[in-house]
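Q: Next up is a structure, given as C-alpha cells.
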Amino acid sequence: MADLLITHGKTGTMDGQRRFFDDGAIAIEGNTIVAIGPTAEVTAAHAAKRTIDASGKVVLPGLICTHGHMAATLSHNMPVDFSKFTKFTDMMEMWWWPQVEDQTLADDIYWATKFAAARMLKSGTTTIGDMLEAPSALPGALDPQARACDEAGIRAVLAFEATERTSKRLGDLAMAENLRFVKERNKPGARVTGRFACHTAYTAPPDMLHEARRLADETGAGLFIHVAEFPPFLTVEKWGKPDPQMLEDTGFLGPDVLTIHCIHLTDQDIDLWAKHDVKVAHTPMSNMLGGIGVANIPQMLAKGITVSLGHDCFFTLNLLEVMRAAYLIHKVAPAPNPANLIFFQALEMATVNGARALNMEKEIGSLEVGKKADVLIVEDKCPTPVNAGTWMWYAVHDMDSADIETVIVDGKVVVEDHRMTTMDEEEARRKSQEHAWAMWKRAGVV
Ligand SMILES: [Zn+2]
C-alpha cells in the first residue's frame, strides 16, 4: 500500500519525454515515487493511507537551487552604502568579509537557515546547494545549519567554504569541517548531505585545490567553487594565471564540480568546461546586484554544459524570480535576441539541470518512478489553459510562488495549505530579525 496518493492533478513530469497528464496521479511509498500516470490507472493499482485531491491544480517537480548562502540571509537589507564600492573586491573587503562572514555565529546560522528553508520551501524550492561562510563558527559550523534543514524538511547539500583569505589555519579548519560532515552525513537515503567547497581559485591556493580534489575523490562527495565572478586579472596578478586555468592545472575540474557564476569565462574556458563535464550554477540576480556582468549561458547550453540556477540568498530566496531573470536577461545581453533562452530551457535549469549539477539526477529533478518524492501542488490561477502544450510555458511565464499550496519533500508534506507543517515560521522570522540586528551591531553597521 502507498503512503500517499496525489490524484487528478495536471501533472507535468519533466521526465525524458517531458510527459504531461491532464488528469494525473502519483503514488508515493516512503520517500519514493512508485507510480505516476493517468489517475484511473494509478488508483486502480495503488490504495493509499492518505490521498490529496489535486483537482484543478498543477503538479510539478520541486525546484532545485544549486547555489546559496542561507546564513547570509541575515545580511538582507543591511544598510550599507554600495556607492563606496567601485569594484567587486571592494564589496568583499569592505563589507562582505568583515561585516557579514566574520560576524556570523552558530545561532545566527541556525535561525537564518531555518527562515531561509521555510521561505524556499513555500516558494517551491525543495533542494538547496549551500556554501556556508562563517569562520567564527568553526569548528562545528555545519551542524546548526544541518539541524535547521533537518527540522524544516528541505533537501540540502551543505559545504563550508574553504579559503585562506586570512590564514592557512582557517583553510585547514574549513577542509576538516567538510570532511567530518561528509563522513557523518553522506549515507544512503540521507536528505541532508555534504560536499567540499573552496571559495575561489583567488583565495584558495593550489595546495588547497589539490587537497579538495583528493578528498572529493576519496569520499565521492562533489565540489563547489565560485569561478570567474570578477575579471581574471586579480588571479593572474596573484598566481600568474586566470582561475579557470588554475583549476585545470590543479586537476580540480571534473563532472563532480559545480562552478558558480562563470561570468568571465573565455570561449576556450567554455570548451574546457564542456570537455570535463563541469557543471554551472547561474546566478543572474546576484550578478546584477553586484554589477559584475552576465554569464554567456546560451553558449554554454549550446556546448552541452549543464547549467542550473542559484539565488545566492542575496535579497531573494525565490527561485521562480531567478528562473524568470535568467529567462529574460539573455534576450537582451550581450546582444538583443528574443530567441536566446527558450522557455523550456529556463524550466530545465530549475529542475533536471539542477539535479544533474548536484550529481543527483537519479534521485530528483523530475517526477518519475524510483525518484524521491519532491512534489509541488500549485493552484491553477493561469488566465489560459494549462495543458500538454502549455504547461512548461505556464511554469516559466505565469506560475506565482503565492499559488504554491502544498510541497512534498522526501515523501513528507512540509507545506500544506500554504503553511509550514514542520516548524513555527513566525518564530523563525522573529529570531532571524533578532539575530540580524545583533550581528549588524557587532559589525558596527547600526
Ligand atoms: Zn556565492
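Starting from 1 in every chain, residues are counted up; chains themselves are A, B, ... following the order of the C-alpha cells, and ligands are numbered from 1 as listed.
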From a DSSP pass on the backbone, collect the residues of segment 18-129 of chain A flagged as alpha helix (DSSP H) and hand them back as a list of chain:residue names.

A: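 Across segment 18-129 of chain A, those assigned alpha helix (DSSP H) are A:Thr39, A:Ala40, A:Glu41, A:Val42, A:Thr43, A:Ala44, A:Ala45, A:Phe88, A:Thr89, A:Asp90, A:Ala106, A:Asp107, A:Asp108, A:Ile109, A:Tyr110, A:Trp111, A:Ala112, A:Thr113, A:Lys114, A:Phe115, A:Ala116, A:Ala117, A:Ala118, A:Arg119, A:Met120, A:Leu121, A:Lys122.
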
Q: Within 7 Å of ligand 1, which residues of chain A show up? Give each one with its shortest atom-to-atom distance in Å (one decimal) and the two atoms involved, counting only C-alpha atoms and all ligand atoms, rows by chain then rising residue number, as JSON lines.

A:
```
{"residue": "A:His67", "atom": "CA", "partner": "ligand 1", "partner_atom_place_in_ligand_line": "1 (Zn)", "distance": 6.5}
{"residue": "A:Gly68", "atom": "CA", "partner": "ligand 1", "partner_atom_place_in_ligand_line": "1 (Zn)", "distance": 6.0}
{"residue": "A:His69", "atom": "CA", "partner": "ligand 1", "partner_atom_place_in_ligand_line": "1 (Zn)", "distance": 6.4}
{"residue": "A:Met131", "atom": "CA", "partner": "ligand 1", "partner_atom_place_in_ligand_line": "1 (Zn)", "distance": 7.0}
{"residue": "A:His226", "atom": "CA", "partner": "ligand 1", "partner_atom_place_in_ligand_line": "1 (Zn)", "distance": 6.5}
{"residue": "A:Ile260", "atom": "CA", "partner": "ligand 1", "partner_atom_place_in_ligand_line": "1 (Zn)", "distance": 6.9}
{"residue": "A:Asp312", "atom": "CA", "partner": "ligand 1", "partner_atom_place_in_ligand_line": "1 (Zn)", "distance": 5.2}
```

Q: Which distance in Å separates atom CA of Ser123 of chain A and atom CA of Lys412 of chain A, to one decimal?

A: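 Atom CA of Ser123 of chain A sits 16.5 Å away from atom CA of Lys412 of chain A.
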
Q: Applying 12 Å and only C-alpha atoms, which residues near Glu218 of chain A remain after dropping the ones on its own chain fewer than 5 positions away? List them as a list in words.

A: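 Using only C-alpha atoms, the neighbours found are Leu179, Val182, Lys183, Arg195, Phe196, Glu211, Ala212 and Arg213 of chain A.
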
Q: Which residues of segment 111-195 of chain A come within 10 Å of segment 297-311 of chain A, and for each one, what is the closest pair of atoms and their distance in Å to one decimal, counting only C-alpha atoms, sorted by chain and residue number, as JSON lines?

A:
```
{"residue": "A:Ile128", "atom": "CA", "partner": "A:Gly310", "partner_atom": "CA", "distance": 8.6}
{"residue": "A:Gly129", "atom": "CA", "partner": "A:Gly310", "partner_atom": "CA", "distance": 8.4}
{"residue": "A:Asp130", "atom": "CA", "partner": "A:Gly310", "partner_atom": "CA", "distance": 9.5}
```

Q: Going by DSSP on the backbone, which bits of segment 39-215 of chain A are strand (DSSP E)? Write them as a PyMOL selection string, please.

A: chain A and resi 48-53+57-61+63-68+125-132+155-162+192-194+196-198
